[in-house]
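Read through the structure below, which is laid out as structure tokens, and then see the notes.
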Amino acid sequence: MLGAVAVTAGAVAATVPLANPAGATGVRLHASVKHTVVRGVKWWSVFWHNDDGRQHAYVMSVDLTRKSLHIRAGMANGRVNDRETVAATAGRLHAVAGINGDLFSWYTYLPWGGVGVGGSVFKTPPRDRPSQFFIRADGTAGIGSLVFTGAVRQVDATGHLGAQHVLSAVNTPGSANTGNLTLFTHAVSGLSLHRCAAVAGPVTGRFMSVKRVYSQVRQFDRPRSGTKLLAACGKAGQWLLTHAPLGQKLRITQQLTTTSGAKVETFLSGQRMLRRNGKAYHDTASNFHTLGINPETAACVSKDRRHVLFVVVDGWISRFNLGAGVTLPELRDLTAALHCYSSVVFDGGGSSTMVTRRDGAVHLLNRTPHYYGLRPVPNGLFVVKS
């Protein structure tokens, strides 16, 4: 189970053993009183000392046993590759709290990983990467690998099914460029492709009617609402040109599940899993490496899958004695000290943000470096109350 150190009025201290005792003596956390956002959502701050001085973080607990509480991914302005502040996204979603999400490209604003909302995949998660935070259709939370499956198949005028091809990804240019059939939707703005073949047309339910065919696409505009584009380079692109001529009807199916087959309601990719099933986990699936100490953002899921912690560590403000930040191994130890069963790290640095709603307005909880302010980001995780 998730559990913070015992908290009473005023500041208290508790020593909690690390998950990996080899060479470690423990983290001595000092915690503030807990503040209630709404019933089932609380936040508090913790601080501790390491070789870089006094460090500080904010922790938020979400009790998903309360049926009125939901965690969902949110996208900036409702699009995959756009940016706005976490506070602005929380305001649009009428969220009671939230944190920032995945790392992203500074050129396209595309998140490095995937995002899904309300049972729909807006960008597919990286294959075989366990750093996915998700909510199952039954409302329980998890962290781990996800499985995307999809297909594109011809349909004739009588409804008979014809040739079929695997659909590999959604709104992921790199997938199309490497020869995989990829679907692009209204949720993504114009992006570059490597002279891929493509077809486009209006979509009703699972069916697309091909109205345009392109033999080579270097750049495409944002598909209009109600239309989609299928694209691929290489052999998959040739399949499109052969089997999706003008007027052809195509059935597009897709599904996202956990590795055990459970349907996923919402998800957001992180960069690395830090803890897995109660133990430290050294995630080698991501090729991203954080150097030095930084502000960081993480999420934890309890063993019973119904309790979640959000964690945001202050950093880059040590000259004001407000925290230098942490390395990823230190963040792993911090989530262990907070009794996290499984945990994942999201984007850090100037992106690290935690917000909460108070008196009808969204407020920033953590301290951001003064030269960054509140950085606009593509996505985040948000707590909404029904």
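Residues are referred to by chain and number: the chain letter is A, B, ... according to the order shown in the structure tokens, the number counts from 1 in that chain, and ligands are numbered separately from 1 in the order shown.
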
Among range 46-152 of chain A, which residues carry a DSSP assignment of helix (DSSP H, G or I), reported as number ranges by chain?
-> A: 76-78, 86-93

Non-local contacts of Lys211 in chain A (8 Å; only C-alpha atoms; under 3 positions in same chain excluded) as a PyMOL selection string: chain A and resi 199-202+246-247

Output N, CA and C atoms for every residue in the selection just made, as a short mmCIF file (atom, residue, chain, number, x, y, z; two decimals), in the first residue's frame.
```cif
data_model
loop_
_atom_site.label_atom_id
_atom_site.label_comp_id
_atom_site.auth_asym_id
_atom_site.auth_seq_id
_atom_site.Cartn_x
_atom_site.Cartn_y
_atom_site.Cartn_z
N VAL A 199 -3.17 7.98 -47.76
CA VAL A 199 -4.55 8.16 -48.22
C VAL A 199 -5.31 8.87 -47.12
N ALA A 200 -6.34 9.63 -47.50
CA ALA A 200 -7.11 10.39 -46.52
C ALA A 200 -8.57 10.42 -46.91
N GLY A 201 -9.41 10.63 -45.91
CA GLY A 201 -10.83 10.72 -46.19
C GLY A 201 -11.65 10.81 -44.93
N PRO A 202 -12.95 11.05 -45.07
CA PRO A 202 -13.83 11.15 -43.91
C PRO A 202 -14.00 9.79 -43.23
N LEU A 246 -8.88 5.57 -54.79
CA LEU A 246 -9.99 6.49 -54.59
C LEU A 246 -11.31 5.74 -54.53
N GLY A 247 -12.12 6.08 -53.55
CA GLY A 247 -13.43 5.46 -53.40
C GLY A 247 -13.43 4.20 -52.56
#
```

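CA of Val37 in chain A is positioned 20.3 Å from CA of His56 in chain A.
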
**Prompt:** Pro111 in chain A: which residues within 7 Å, counting only C-alpha atoms, same-chain residues fewer than 3 positions away excluded, as a VMD selection string?
**Reply:** chain A and resid 81 102 to 105 114 378

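With only C-alpha atoms taken into account, the protein and nucleic acid residues at most 10 Å from Gly150 in chain A (excluding it and anything under 4 positions from it in its own chain) are A:His165, A:Val166, A:Leu167, A:Ser168, A:Ala169, A:Val170, A:Leu181, A:Thr182, A:Leu183, A:Ile252, A:Thr253, A:Gln254, A:Gln255, A:Leu256.
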
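Using only C-alpha atoms, the nearest neighbour of Ala137 in chain A within the list A:Val344, A:Ile317, A:Val117, A:Ala163 is A:Val117.
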
Near His160 in chain A, within 12 Å and counting only C-alpha atoms, which residues show up once chain neighbours fewer than 6 positions away are dropped, as number ranges by chain?
-> A: 153-154, 249-251

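In this comparison, which uses only C-alpha atoms, the residue of A:Glu265, A:Asp359, A:Trp316, A:Leu338 approaching Val46 in chain A most closely is A:Leu338.
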
Quick one: of A:Ser131, A:Gln238, A:Thr227, A:Thr356, who's nearest to Phe184 in chain A, counting only C-alpha atoms?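 Looking only at the distances to Phe184 in chain A, the closest residue turns out to be A:Thr227.
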
### Task
Show which residues sit within 10 Å of His186 in chain A, as a ChimeraX atom specification. Count only C-alpha atoms, and ignore same-chain residues fewer than 5 positions away.
/A:79-80,122,171,221-229
